[in-house]
Structures are given as C-alpha cells and as structure tokens.
Amino acid sequence: MACRNHSTITEFVLSGLSNDPHIETLLFVLGQGIYFLTIRGNLMMMLVIRADSHLHTPMYFFLSNLSFLDLCFSSVTVPKLLKDLLSEKKTISVEGCLTQVFFVFITPGTEACLLSVMAYDCYAAICHPLLYGQVMSSQLCVRLVLASWGLACLNSAQTIQHYTCELPSLFPLSCSDISISVDILICSILLHGLGTFLPIFFSYNRIVSTILSISSTSGRSKAFSTCSSHLIAMTLFFGSGVIRYLMPMSGSSLDLLLFLQYSAVTPLLNPLIYSLKNKEEKAAFRRTSGEISLMYL
C-alpha cells in the first residue's frame with residue numbers, strides 16, 4: 001500500500017556512532033586528534049609548496065590542490081560528527097543535509113578527477129621527459145584543475161536534483177519507490193568513476209611499459225619513485241571509495257567505520273604518503289621549518 005503521509009520534514013535524526021557516553025567521549029578525543037592532524041598536515045603541505053620555489057612545478061601544483069580538497073572533504077563531515085558526539089540530540093536540518101550532500105559529492109568527485117590528471121602528469125614526466133615543460137604548461141595545469149572542479153560540480157548538481165538527501169543510508173526513509181533513485185546513484189558513481197579510471201589506466205599502462213624498457217636498475221627505480229606516491233594515494237582513495245559506495249549498506253558499525261576511514265583517515269594519510277616518499281618534499285619541509293625558526297629568533 002502506498003504511503004500517503006504528506007507532512008513536512010524539517011530535520012533528520014542521526015543515529016550516531018554509539019549510545020554509550022564513555023565511548024562517545026573516547027571517539028570524540030580520537031576524532032578530534034585525527035581532524036587536527038589532517039588540518040595541520042594538509043595546511044603544512046600547501047604552505048611548503050607555496051613558500052619553496054623548488055616546488056613550483058606541475059606535480060606540486062596538483063598536490064597543493066589535492067591537499068586543499070582533502071582539507072575540505074574532511075571538514076564537510078568530521079566537525080558535525082564531533083559536535084554530535086557531545087550532543088544528546090543528534091539532528092541535521094533538511095537544508096543542512098542538502099548542503100552536506102553537495103559538498104560530500106563535489107570534494108571526492110573533484111579529487112577523483114584530480115588523481116586522474118596527476119596520472120597524466122606522471123605519464124608526461126616519465127614517458128616524455130624532454131617535452132614535459134611544454135606539455136604540462138601552467139595554463140594547461142590551471143585548466144585541468146578547473147575542469148576537475150567543473151565536472152564534479154555538475155555531477156553534484158545532478159545528484160541533488162535527483163535525490164532527497166545524501167547516500168543510500170537515507171533511501172529507507174522515503175515513502176515512495178526508490179529503485180530509480182538507487183539506479184541513478186549507481187550509474188552516476190560508475191560513470192564518474194569510469195571516466196576518471198580510464199585515463200589512469202591508459203596512463204599507467206604507458207608508464208609501466210616505459211619503466212620496463214629502461215635498461216639500468218637505477219633508472220627504473222628513479223622512474224618508479226616519480227609515480228609511487230601517486231599510486232599509493234590513488235589506490236587508497238579509489239579502494240576505500242569502492243568499498244564505501246558499491247558494497248550493500250547494512251547500517252552496521254562496519255559501515256560507519258568505512259565512512260570514517262574514507263572521509264577522515266584518507267585525507268590524513270595523503271600528506272604523509274607524499275612527504276615520506278618524496279625527497280624534494282622532505283627537503284622543502286626542512287628548509288621551510290628552518291626559515292620559520294629563524295623568524296622567531
């Protein structure tokens with residue numbers, strides 16, 4: 001029998017992570033620590049890249065934008081989560097939910113596009129090193145970043161048009177048939193994912209072929225180190241995204257942990273991955289830290 005309730009909904013009640021106040025306090029401390037480290041790590045990455053002229057290259061331009069996206073993505077959900085951990089009434093208004101929908105889709109959507117662009121950057125650096133400066137011009141880099149934001153924004157606008165609120169966890173609240181909405185969500189995710197995955201696949205196919213054709217071991221090692229950080233970050237982002245959005249939702253604690261890993265832990269790890277794997281980044285961190293120390297002497 002069809003549902004005939006036409007009452008106006010002004011807010012949603014959130015289940016939260018736990019009903020135990022002690023566990024919620026522990027989760028708040030843990031979440032606050034992760035969020036602080038995420039903000040600090042990504043802001044530091046952006047500051048170092050901007051301050052050090054040695055890092056004014058296409059790769060670090062894209063990395064700076066990646067840090068900004070990670071900062072935004074984490075800030076969309078984690079502050080609200082931390083607030084709810086200390087609140088007895090865990091609710092979110094419909095307007096707030098729709099706003100969160102848009103930014104939850106646009107930030108990882110842009111990051112997926114940007115990781116695809118960074119794969120092309122690795123391809124240009126390894127497969128065409130002599131033409132790299134011409135291929136990856138400043139104008140092209142800016143256009144690629146703007147195109148990433150534009151595509152993700154378009155996808156987010158379509159999502160809000162088709163869905164009452166964000167993600168499959170809200171579909172059971174609907175009184176109407178949600179099968180079409182679920183199909184549209186899956187198609188949207190698959191199309192966006194496929195559109196970003198194919199350039200990555202073809203870029204790395206050429207990268208691997210080029211690396212294997214290098215005769216010297218040191219040359220192969222240097223070429224692989226150029227793209228290893230991106231490969232790790234890309235695997236972490238897409239792997240956790242696939243698990244989060246394409247696996248059936250059960251409403252269990254595992255779903256909540258997967259979402260936390262996707263929205264909080266991944267943005268925390270990206271600065272660590274790039275700073276620990278990249279000698280230029282570590283050297284820039286030391287130079288910038290030394291300059292900051294001198295400022296206070």
# chains A, B, ... in the order shown; residues from 1 in each chain; ligands from 1
>>> residues_around(residues="A:Met59", least_positions_apart="3", cutoff="9 Å", atoms="only C-alpha atoms", output="VMD selection string")
chain A and resid 55 to 56 62 to 64 118 121 to 122
>>> residues_around(residues="stretch 139-144 of chain A", least_positions_apart="2", cutoff="8 Å", atoms="only C-alpha atoms", output="ChimeraX atom specification")
/A:58,61-62,114,117,136-137,146-148
>>> write_last_selection(atoms="C-alpha atoms", output="PDB file, in the first residue's frame")
ATOM      1  CA  PRO A  58      53.028  20.963 -12.187  1.00  0.00           C
ATOM      2  CA  PHE A  61      50.685  22.394  -8.106  1.00  0.00           C
ATOM      3  CA  PHE A  62      48.344  19.410  -8.370  1.00  0.00           C
ATOM      4  CA  LEU A 114      42.472  15.415  -9.962  1.00  0.00           C
ATOM      5  CA  VAL A 117      45.030  14.426 -14.016  1.00  0.00           C
ATOM      6  CA  MET A 136      52.401  20.460 -18.819  1.00  0.00           C
ATOM      7  CA  SER A 137      52.301  24.232 -19.187  1.00  0.00           C
ATOM      8  CA  LEU A 146      39.206  23.993 -13.120  1.00  0.00           C
ATOM      9  CA  ALA A 147      37.815  21.227 -15.337  1.00  0.00           C
ATOM     10  CA  SER A 148      38.048  18.791 -12.401  1.00  0.00           C
TER      11      SER A 148
END
